[in-house]
Amino acid sequence: MANPKDPQQDKKTENLAPHTADNADQLLTTNQGLRINDNQHSLKAGERGPSLLEDFILREKITHFDHERIPERVVHARGSGAHGYFQVYEPMGKYTKAGFLNDPSRKTPVFVRFSTVAGSRGSTDLARDARGFAVKFYTDEGNYDLVGNNIPVFFIQDAMKFPDFVHAVKPEPHHEMPQAASAHDTFWDFISLMPESMHMIMWVMSDRAIPRSYRMMEGFGVHTFRFINEAGQSHFVKFHWKPLLGVHAVAWDEALKISGKDPDFHRRDLWNAIESGAFPEYELGVQIVPEEDEHKFPFDLLDPTKIIPEEVVPVQRIGRMVLNRNPDNFFAETEQVAFHPGHLVPGIDFSNDPLLQGRLFSYLDTQLSRLGSPNFHEIPINRPVAPLHNNQRDGHMRQTINRGGTSYEPNTLGGGCPFQAKMADGGFTSHQERVEGHKVRARSRSFFDHFSQAALFYHSQSAPEKTHIVNALRFELGKVTVTDIRIRMLGLLNQVDTSLAAQVAAGLGLEVPATPEQPVNHSIPADGDPEQFQPFTVAQQVTASAALSMAHTVKNTIKSRQIAFLLANGVAAEEVDKMKTALERQGAVVQLVAPHLGAITTDTDKVLEADQSFLTTGSVLFDAVYIPGGAAGTAQLQTHPDALHFIREACRHCKAIAVTGAGATVLEAAFIPPADDPGIITDGHPEAFIAAIAQHRCWDRESQRSIPA
Ligand code: HDD
C-alpha cells in the first residue's frame with residue numbers, strides 16, 4: 001500500500017525508470033542499507049555531551065547533504081521539464097531516413113526542457129529573455145536532441161563571441177546585479193557595438209520575450225540543418241515548433257508584477273496543465289530547401305541571425321508532440337538532463353553555421369563540468385532507449401558493469417565485437433559535403449546585412465506590438481546609466497527604422513544621432529579593414545511577414561485559461577453556476593476570488609468555497625475576470641480596494657472582463673465607464689465572454705482608453 005500522505009508517490013507505478021525509488025511502506029536506511037533506529041539524535045558522549053566522530057550515520061547524512069548541489073548551467077539555468085511523445089504524420093523518406101520521422105505508428109518518447117537564458121536557477125520565469133526549447137527524442141536509433149529557442153535567430157553569428165555575449169548579459173561582475181535582466185549597462189554596451197544582434201534585439205524587445213506560457217510559444221532550431229535521405233541526398237531544413245494553443249504573451253507591467261506574485265508562473269502553469277490533463281501540444285514544422293537553392297536567398301542560409309520568411313518557404317507541419325507527464329523528481333530529470341546539438345541520428349546532419357559548429361563543442365564540454373563525469377549518459381534521463389555498446393570504460397561514478405576481457409577494437413579475442421554498423425544497419429555517416437578553403441579567421445560578406453531582417457520583423461508587427469517594442473527599448477535603455485551607450489543604440493535602431501529610433505529617443509529625452517556618422521561595426525579583428533566590415537542592406541523577398549506577428553496567431557480556444565470570479569457574501573449563486581459551467585465546458589479553469597478564504601454565502605442556500613483571497617492572488621495571475629451579480633456581494637466589492645484594483649489592473653492589461661446583473665455596479669465603482677470595447681462584456685453572455693477570452697487580449701484598449709491600474 002502506498003503512503004497516503006504523498007500523492008506524488010501514489011501516482012504512477014507503471015513504466016518507471018530502472019533506478020526509480022519511492023519510500024512507500026519502507027524502513028529508513030543508510031546508503032549502505034543499514035536500518036536506522038534513531039533519525040532524531042546524533043551520537044553523543046552523554047545526553048548533554050559532545051558529538052562523537054564515530055557517528056557514521058550522522059556523517060553520511062551530512063556529507064551527502066553538503067554535496068547535494070551541482071553547478072547550475074552557465075546559461076539556461078532556470079528551467080522546467082516535461083515528458084511526452086512525438087509522432088510523425090506521414091513518412092518523410094523523401095527528405096530524411098530518420099526512423100522516427102518515417103513511421104507514423106511510432107510514438108517516440110521525448111523529454112522537453114524549457115528555460116530562460118540569463119537568470120540563475122532560482123530566478124523569475126517572467127524575465128524579458130529568450131526561452132530555451134530543448135527536446136530530447138529517445139529514438140530507436142539513438143537520442144536526437146533538437147536544442148532550440150523560442151526565437152528563430154540569435155544575437156551573434158560566430159561561437160567565438162558567445163562567452164562575451166553571455167558575460168555582457170549576466171549580472172555585472174563587480175556587484176552581481178541585476179538578476180535575470182538585460183536592462184543594464186554591460187548588455188547594451190556590448191549590443192551597441194554588435195550590429196549583427198539587431199534582428200534578435202527586435203525579437204527580445206517584442207512580447208515574444210515575455211510569453212504567457214511555455215505552452216503558448218513557438219520553438220525554433222534556429223540554425224539551418226540538413227535532412228539526408230536513403231539515397232544520401234541532402235536538403236537544408238529549418239525546424240519549427242508550433243503550439244496548438246497559439247502564441248501569446250503577457251504585458252510588460254504584468255510580467256514585472258507576476259515576478260513578485262509568482263516567480264514560478266511558467267513552471268506552475270506547465271505543471272498544472274499536465275496534472276489536469278490539458279496536455280501541451282506542438283506541431284513540428286519544417287522549411288525544406290533543396291541543395292541547389294542554397295544561394296537563392298538575399299541572405300546566407302548559414303547565418304543564424306536570419307530567418308527564411310514563411311511566405312518564401314512555407315512551413316510544412318510534419319508531426320505532433322504531446323507533453324503528458326510531469327517529472328517525478330526535478331533534480332534527477334530536469335536538472336540532470338544533458339542536451340547537445342551533437343546528439344544526432346542518421347537522416348539529420350549539420351550545416352556549416354559557425355554558431356552551430358561552436359555549439360557542437362560546448363555542450364559536451366559543459367556536461368563534463370556540470371554533471372562531473374563522462375558517464376553522464378548513464379543518468380536515467382539521459383540514457384538512450386537504443387542499445388549501447390562500445391569500448392569506453394570507467395570514469396567517475398561508472399554504473400555499467402561491462403563484462404568480457406576486451407575493451408578495444410579491432411579485436412579477435414572478443415570475437416571482433418562490438419562491430420561497426422553498416423549504413424544498411426543504421427551506421428551513421430556524415431554527409432559528404434565538399435569543403436575546401438584557406439585556414440582563416442573570417443566571416444563571409446554574405447553575413448553582413450544586419451538590418452534588413454530586423455526591419456522586416458519590425459514592419460510585420462501590429463500597431464500594439466510596435467508600441468510594446470518601443471516601450472521595451474525605452475525601459476531597457478532607460479536603465480542604462482551611460483549616455484554614450486544609449487546614443488550608440490539610437491544610431492543602430494535608426495538603421496532598422498527611423499520612426500522606431502525617434503520614438504525611443506523621445507522616451508529617453510535624446511536626439512537620434514545624425515545617421516550615419518558611420519554605421520561602424522566594432523566587432524572587427526585588430527588588423528581588420530573597417531571598410532570590409534561595413535554592413536550593407538539587401539532587399540528581402542518580402543517586406544512584411546504575417547507569421548512574425550502574434551496578432552495572426554490561433555485565437556479560437558480558451559482551453560486551460562485561468563478565469564477569476566470576483567465575489568463576496570451574497571453573490572448570485574445561479575449566475576456563478578451558469579458562467580462557470582459555460583467556461584469549464586470549454587476547458588477553462590475557474591477560481592473563486594473573495595475578500596477572505598473559506599465559505600462564501602450566496603443569495604440561495606448554496607455555500608461556495610473561495611479558492612483565493614485578494615491577499616493570496618492577483619489579477620496578473622489570470623487571463624480574464626468575471627463579476628457576478630447579487631446586491632449584497634457587489635455592494636461589498638464596490639468598496640473593497642483590492643477588488644477595485646484587481647479589476648482596473650485586469651482592464652489595464654487588456655484582459656476580457658464580464659459582468660452580469662449587479663456586477664456592473666462594481667465595474668462603475670472601479671471607474672471603468674461603458675465603451676465600445678469588445679473585451680468588456682456587460683450583458684454577461686457566456687458566448688461573448690468566451691470569444692473575448694479566446695482573443696487572449698484586447699491590445700487596442702491600451703491606446704484607446706486610459707484606465708490606470
Ligand atoms: Fe546554448 C544550453 C539553446 C547558442 C552553449 N542552449 C542551452 C539550452 C538551450 C540552448 C535550449 C538549454 C538546454 C537545457 O535545457 O539543458 N544555445 C541555444 C540556441 C543557440 C545557442 C538556440 C543559438 C542558436 N549555446 C549557444 C552557443 C554556445 C552555447 C553559441 C557556445 C558556443 N548552451 C551552451 C552551453 C549550455 C547551453 C554552455 C549550458 C548548459 C548546457 O549547455 O547544457 O553549452
# chains A, B, ... in the order shown; residues from 1 in each chain; ligands from 1

$ select_by_dssp --residues "stretch 132-209 of chain A" --states "strand (DSSP E)" --output "list in words"
Gly132, Phe133, Ala134, Val135, Lys136, Phe137, Tyr138, Thr139, Gly142, Asn143, Tyr144, Asp145, Leu146, Val147, Gly148 and Asn149 of chain A

$ residues_around --residues "stretch 219-233 of chain A" --least-positions-apart "3" --cutoff "7 Å" --atoms "only C-alpha atoms" --output "MDAnalysis selection string"
chainID A and resid 93:97 133 146:153 236:242 301:302 304 347:351 353 356

$ closest_residue --among "A:Ser276, A:Pro195, A:Val75, A:Gly46" --to "A:Leu490" --atoms "only C-alpha atoms"
A:Pro195

$ residues_around --residues "stretch 604-606 of chain A" --least-positions-apart "4" --cutoff "10 Å" --atoms "only C-alpha atoms" --output "list in words"
Gly570, Val571, Ala572, Ala573, Glu574 and Ile600 of chain A

$ write_last_selection --atoms "C-alpha atoms" --output "PDB file, in the first residue's frame"
ATOM      1  CA  GLY A 570     -24.426  37.430  -1.005  1.00  0.00           C
ATOM      2  CA  VAL A 571     -23.296  36.655  -4.553  1.00  0.00           C
ATOM      3  CA  ALA A 572     -25.928  35.440  -7.029  1.00  0.00           C
ATOM      4  CA  ALA A 573     -25.376  31.656  -6.996  1.00  0.00           C
ATOM      5  CA  GLU A 574     -27.208  30.991 -10.223  1.00  0.00           C
ATOM      6  CA  ILE A 600     -18.932  32.381   0.828  1.00  0.00           C
TER       7      ILE A 600
END

$ atom_distance --atom1 "atom CA of A:Ser407" --atom2 "atom CA of A:Gln392"
7.3 Å

$ residues_around --residues "stretch 650-666 of chain A" --least-positions-apart "5" --cutoff "9 Å" --atoms "only C-alpha atoms" --output "JSON, numbers by chain"
{"A": [250, 251, 253, 254, 572, 575, 619, 620, 622, 623, 624, 625, 626, 627, 628, 629, 630, 631, 633, 634, 635, 637, 638, 639, 643, 644, 645, 671, 672, 678, 679, 680, 681, 682, 683, 684, 685, 686, 688, 689, 690, 692, 693, 695, 696, 697, 698, 699, 700, 701, 702, 705, 706, 707, 708, 709]}

$ write_last_selection --atoms "C-alpha atoms" --output "short mmCIF file (atom, residue, chain, number, x, y, z; two decimals), in the first residue's frame"
data_model
loop_
_atom_site.label_atom_id
_atom_site.label_comp_id
_atom_site.auth_asym_id
_atom_site.auth_seq_id
_atom_site.Cartn_x
_atom_site.Cartn_y
_atom_site.Cartn_z
CA VAL A 250 1.69 39.00 -21.22
CA ALA A 251 2.04 42.76 -20.84
CA ASP A 253 3.92 45.67 -16.50
CA GLU A 254 2.20 42.36 -15.86
CA ALA A 572 -25.93 35.44 -7.03
CA GLU A 575 -25.10 33.47 -12.20
CA SER A 619 -5.20 39.86 -11.37
CA VAL A 620 -1.88 39.27 -13.13
CA PHE A 622 -5.43 35.34 -14.51
CA ASP A 623 -6.48 35.65 -18.13
CA ALA A 624 -9.92 37.14 -17.55
CA VAL A 625 -12.27 38.37 -14.83
CA TYR A 626 -15.97 37.82 -14.23
CA ILE A 627 -18.07 39.72 -11.69
CA PRO A 628 -21.39 38.04 -10.99
CA GLY A 629 -24.39 39.90 -9.59
CA GLY A 630 -26.09 39.70 -6.20
CA ALA A 631 -26.79 43.01 -4.45
CA GLY A 633 -21.98 40.76 -2.69
CA THR A 634 -21.45 43.52 -5.22
CA ALA A 635 -22.05 46.17 -2.55
CA LEU A 637 -16.84 44.64 -3.74
CA GLN A 638 -17.71 48.21 -4.72
CA THR A 639 -15.88 49.50 -1.68
CA ALA A 643 -11.29 44.16 -5.66
CA LEU A 644 -11.30 47.51 -7.45
CA HIS A 645 -7.55 47.31 -8.03
CA PHE A 671 -14.28 53.85 -12.85
CA ILE A 672 -14.47 51.72 -15.94
CA PRO A 678 -15.01 44.12 -27.43
CA GLY A 679 -13.19 42.79 -24.36
CA ILE A 680 -15.73 44.09 -21.84
CA ILE A 681 -18.91 42.07 -21.81
CA THR A 682 -21.59 43.93 -19.92
CA ASP A 683 -24.57 41.80 -20.92
CA GLY A 684 -22.96 38.72 -19.39
CA HIS A 685 -23.35 36.45 -22.39
CA PRO A 686 -21.02 33.48 -21.78
CA ALA A 688 -19.36 36.66 -25.92
CA PHE A 689 -17.08 36.28 -22.89
CA ILE A 690 -15.63 33.04 -24.29
CA ALA A 692 -13.26 37.65 -25.90
CA ILE A 693 -11.03 35.36 -23.78
CA GLN A 695 -8.71 36.66 -28.36
CA HIS A 696 -6.21 36.49 -25.46
CA ARG A 697 -6.05 40.27 -25.05
CA CYS A 698 -7.75 43.31 -26.41
CA TRP A 699 -4.46 45.14 -27.02
CA ASP A 700 -6.15 48.06 -28.81
CA ARG A 701 -7.57 49.08 -25.43
CA GLU A 702 -4.11 50.36 -24.47
CA ARG A 705 -8.63 54.06 -23.10
CA SER A 706 -6.60 55.38 -20.24
CA ILE A 707 -7.55 53.27 -17.26
CA PRO A 708 -4.94 53.47 -14.50
CA ALA A 709 -4.17 50.20 -12.73
#

$ residues_around --residues "A:Asp103" --least-positions-apart "5" --cutoff "12 Å" --atoms "only C-alpha atoms" --output "ChimeraX atom specification"
/A:86-93,96-98,108,139-140,318-319

$ decode --residues "stretch 111-143 of chain A" --atoms "N, CA, C and O atoms" --output "PDB file, in the first residue's frame"
ATOM      1  N   PHE A 111      11.697  14.084 -23.890  1.00  0.00           N
ATOM      2  CA  PHE A 111      11.750  14.915 -22.676  1.00  0.00           C
ATOM      3  C   PHE A 111      12.087  16.322 -23.129  1.00  0.00           C
ATOM      4  O   PHE A 111      13.026  16.513 -23.902  1.00  0.00           O
ATOM      5  N   VAL A 112      11.291  17.279 -22.668  1.00  0.00           N
ATOM      6  CA  VAL A 112      11.470  18.673 -23.096  1.00  0.00           C
ATOM      7  C   VAL A 112      11.868  19.510 -21.893  1.00  0.00           C
ATOM      8  O   VAL A 112      11.339  19.319 -20.796  1.00  0.00           O
ATOM      9  N   ARG A 113      12.828  20.409 -22.117  1.00  0.00           N
ATOM     10  CA  ARG A 113      13.164  21.355 -21.047  1.00  0.00           C
ATOM     11  C   ARG A 113      13.061  22.772 -21.604  1.00  0.00           C
ATOM     12  O   ARG A 113      13.731  23.122 -22.564  1.00  0.00           O
ATOM     13  N   PHE A 114      12.146  23.541 -20.998  1.00  0.00           N
ATOM     14  CA  PHE A 114      12.006  24.960 -21.337  1.00  0.00           C
ATOM     15  C   PHE A 114      12.839  25.748 -20.340  1.00  0.00           C
ATOM     16  O   PHE A 114      12.962  25.352 -19.180  1.00  0.00           O
ATOM     17  N   SER A 115      13.347  26.889 -20.761  1.00  0.00           N
ATOM     18  CA  SER A 115      14.221  27.627 -19.845  1.00  0.00           C
ATOM     19  C   SER A 115      14.248  29.103 -20.198  1.00  0.00           C
ATOM     20  O   SER A 115      13.857  29.504 -21.291  1.00  0.00           O
ATOM     21  N   THR A 116      14.725  29.907 -19.248  1.00  0.00           N
ATOM     22  CA  THR A 116      15.161  31.256 -19.593  1.00  0.00           C
ATOM     23  C   THR A 116      16.671  31.167 -19.784  1.00  0.00           C
ATOM     24  O   THR A 116      17.276  30.158 -19.432  1.00  0.00           O
ATOM     25  N   VAL A 117      17.289  32.219 -20.293  1.00  0.00           N
ATOM     26  CA  VAL A 117      18.716  32.120 -20.614  1.00  0.00           C
ATOM     27  C   VAL A 117      19.597  32.744 -19.536  1.00  0.00           C
ATOM     28  O   VAL A 117      20.553  32.154 -19.059  1.00  0.00           O
ATOM     29  N   ALA A 118      19.259  33.964 -19.134  1.00  0.00           N
ATOM     30  CA  ALA A 118      20.231  34.748 -18.375  1.00  0.00           C
ATOM     31  C   ALA A 118      20.201  34.493 -16.867  1.00  0.00           C
ATOM     32  O   ALA A 118      21.241  34.564 -16.209  1.00  0.00           O
ATOM     33  N   GLY A 119      19.027  34.211 -16.316  1.00  0.00           N
ATOM     34  CA  GLY A 119      18.891  34.176 -14.862  1.00  0.00           C
ATOM     35  C   GLY A 119      19.463  32.926 -14.216  1.00  0.00           C
ATOM     36  O   GLY A 119      19.715  31.915 -14.874  1.00  0.00           O
ATOM     37  N   SER A 120      19.660  33.009 -12.907  1.00  0.00           N
ATOM     38  CA  SER A 120      20.111  31.849 -12.133  1.00  0.00           C
ATOM     39  C   SER A 120      18.964  30.866 -11.957  1.00  0.00           C
ATOM     40  O   SER A 120      17.819  31.166 -12.284  1.00  0.00           O
ATOM     41  N   ARG A 121      19.304  29.727 -11.366  1.00  0.00           N
ATOM     42  CA  ARG A 121      18.318  28.652 -11.252  1.00  0.00           C
ATOM     43  C   ARG A 121      17.067  29.079 -10.496  1.00  0.00           C
ATOM     44  O   ARG A 121      15.972  28.591 -10.758  1.00  0.00           O
ATOM     45  N   GLY A 122      17.221  29.979  -9.530  1.00  0.00           N
ATOM     46  CA  GLY A 122      16.057  30.388  -8.733  1.00  0.00           C
ATOM     47  C   GLY A 122      15.421  31.678  -9.205  1.00  0.00           C
ATOM     48  O   GLY A 122      14.607  32.252  -8.492  1.00  0.00           O
ATOM     49  N   SER A 123      15.752  32.128 -10.399  1.00  0.00           N
ATOM     50  CA  SER A 123      15.253  33.439 -10.836  1.00  0.00           C
ATOM     51  C   SER A 123      13.827  33.330 -11.371  1.00  0.00           C
ATOM     52  O   SER A 123      13.306  32.236 -11.581  1.00  0.00           O
ATOM     53  N   THR A 124      13.221  34.490 -11.617  1.00  0.00           N
ATOM     54  CA  THR A 124      11.822  34.519 -12.055  1.00  0.00           C
ATOM     55  C   THR A 124      11.657  33.963 -13.471  1.00  0.00           C
ATOM     56  O   THR A 124      12.521  34.141 -14.326  1.00  0.00           O
ATOM     57  N   ASP A 125      10.511  33.343 -13.679  1.00  0.00           N
ATOM     58  CA  ASP A 125      10.173  32.840 -15.018  1.00  0.00           C
ATOM     59  C   ASP A 125       9.867  33.970 -15.997  1.00  0.00           C
ATOM     60  O   ASP A 125       9.919  33.781 -17.198  1.00  0.00           O
ATOM     61  N   LEU A 126       9.481  35.132 -15.474  1.00  0.00           N
ATOM     62  CA  LEU A 126       8.934  36.178 -16.357  1.00  0.00           C
ATOM     63  C   LEU A 126       9.960  37.227 -16.774  1.00  0.00           C
ATOM     64  O   LEU A 126       9.595  38.332 -17.142  1.00  0.00           O
ATOM     65  N   ALA A 127      11.241  36.887 -16.709  1.00  0.00           N
ATOM     66  CA  ALA A 127      12.260  37.824 -17.174  1.00  0.00           C
ATOM     67  C   ALA A 127      12.065  38.096 -18.664  1.00  0.00           C
ATOM     68  O   ALA A 127      11.614  37.216 -19.406  1.00  0.00           O
ATOM     69  N   ARG A 128      12.428  39.321 -19.104  1.00  0.00           N
ATOM     70  CA  ARG A 128      12.479  39.550 -20.556  1.00  0.00           C
ATOM     71  C   ARG A 128      13.709  38.810 -21.066  1.00  0.00           C
ATOM     72  O   ARG A 128      14.844  39.156 -20.727  1.00  0.00           O
ATOM     73  N   ASP A 129      13.474  37.784 -21.881  1.00  0.00           N
ATOM     74  CA  ASP A 129      14.585  36.911 -22.272  1.00  0.00           C
ATOM     75  C   ASP A 129      14.102  35.977 -23.379  1.00  0.00           C
ATOM     76  O   ASP A 129      12.891  35.762 -23.538  1.00  0.00           O
ATOM     77  N   ALA A 130      15.043  35.393 -24.108  1.00  0.00           N
ATOM     78  CA  ALA A 130      14.698  34.269 -24.974  1.00  0.00           C
ATOM     79  C   ALA A 130      14.374  33.083 -24.074  1.00  0.00           C
ATOM     80  O   ALA A 130      14.828  33.024 -22.930  1.00  0.00           O
ATOM     81  N   ARG A 131      13.593  32.151 -24.582  1.00  0.00           N
ATOM     82  CA  ARG A 131      13.312  30.924 -23.842  1.00  0.00           C
ATOM     83  C   ARG A 131      13.946  29.744 -24.564  1.00  0.00           C
ATOM     84  O   ARG A 131      13.843  29.641 -25.795  1.00  0.00           O
ATOM     85  N   GLY A 132      14.606  28.876 -23.804  1.00  0.00           N
ATOM     86  CA  GLY A 132      15.112  27.637 -24.377  1.00  0.00           C
ATOM     87  C   GLY A 132      13.965  26.683 -24.637  1.00  0.00           C
ATOM     88  O   GLY A 132      12.971  26.668 -23.893  1.00  0.00           O
ATOM     89  N   PHE A 133      14.080  25.908 -25.695  1.00  0.00           N
ATOM     90  CA  PHE A 133      13.050  24.920 -26.066  1.00  0.00           C
ATOM     91  C   PHE A 133      13.848  23.704 -26.547  1.00  0.00           C
ATOM     92  O   PHE A 133      14.131  23.573 -27.731  1.00  0.00           O
ATOM     93  N   ALA A 134      14.268  22.876 -25.586  1.00  0.00           N
ATOM     94  CA  ALA A 134      15.163  21.763 -25.900  1.00  0.00           C
ATOM     95  C   ALA A 134      14.393  20.457 -25.835  1.00  0.00           C
ATOM     96  O   ALA A 134      13.727  20.173 -24.837  1.00  0.00           O
ATOM     97  N   VAL A 135      14.471  19.673 -26.892  1.00  0.00           N
ATOM     98  CA  VAL A 135      13.710  18.423 -26.970  1.00  0.00           C
ATOM     99  C   VAL A 135      14.675  17.263 -27.169  1.00  0.00           C
ATOM    100  O   VAL A 135      15.496  17.280 -28.086  1.00  0.00           O
ATOM    101  N   LYS A 136      14.551  16.277 -26.296  1.00  0.00           N
ATOM    102  CA  LYS A 136      15.335  15.046 -26.452  1.00  0.00           C
ATOM    103  C   LYS A 136      14.387  13.961 -26.948  1.00  0.00           C
ATOM    104  O   LYS A 136      13.398  13.638 -26.272  1.00  0.00           O
ATOM    105  N   PHE A 137      14.659  13.448 -28.150  1.00  0.00           N
ATOM    106  CA  PHE A 137      13.859  12.352 -28.706  1.00  0.00           C
ATOM    107  C   PHE A 137      14.609  11.049 -28.401  1.00  0.00           C
ATOM    108  O   PHE A 137      15.756  10.906 -28.827  1.00  0.00           O
ATOM    109  N   TYR A 138      13.951  10.150 -27.684  1.00  0.00           N
ATOM    110  CA  TYR A 138      14.578   8.849 -27.394  1.00  0.00           C
ATOM    111  C   TYR A 138      14.213   7.904 -28.542  1.00  0.00           C
ATOM    112  O   TYR A 138      13.267   7.131 -28.448  1.00  0.00           O
ATOM    113  N   THR A 139      14.954   7.988 -29.653  1.00  0.00           N
ATOM    114  CA  THR A 139      14.566   7.202 -30.828  1.00  0.00           C
ATOM    115  C   THR A 139      15.231   5.824 -30.793  1.00  0.00           C
ATOM    116  O   THR A 139      16.199   5.609 -30.065  1.00  0.00           O
ATOM    117  N   ASP A 140      14.729   4.946 -31.638  1.00  0.00           N
ATOM    118  CA  ASP A 140      15.285   3.589 -31.712  1.00  0.00           C
ATOM    119  C   ASP A 140      16.705   3.598 -32.257  1.00  0.00           C
ATOM    120  O   ASP A 140      17.414   2.603 -32.181  1.00  0.00           O
ATOM    121  N   GLU A 141      17.082   4.726 -32.889  1.00  0.00           N
ATOM    122  CA  GLU A 141      18.425   4.802 -33.485  1.00  0.00           C
ATOM    123  C   GLU A 141      19.381   5.640 -32.649  1.00  0.00           C
ATOM    124  O   GLU A 141      20.456   6.011 -33.111  1.00  0.00           O
ATOM    125  N   GLY A 142      18.982   5.944 -31.434  1.00  0.00           N
ATOM    126  CA  GLY A 142      19.812   6.767 -30.558  1.00  0.00           C
ATOM    127  C   GLY A 142      19.080   8.047 -30.208  1.00  0.00           C
ATOM    128  O   GLY A 142      18.046   8.368 -30.798  1.00  0.00           O
ATOM    129  N   ASN A 143      19.605   8.771 -29.228  1.00  0.00           N
ATOM    130  CA  ASN A 143      18.959  10.014 -28.812  1.00  0.00           C
ATOM    131  C   ASN A 143      19.221  11.112 -29.829  1.00  0.00           C
ATOM    132  O   ASN A 143      20.357  11.309 -30.262  1.00  0.00           O
TER     133      ASN A 143
END
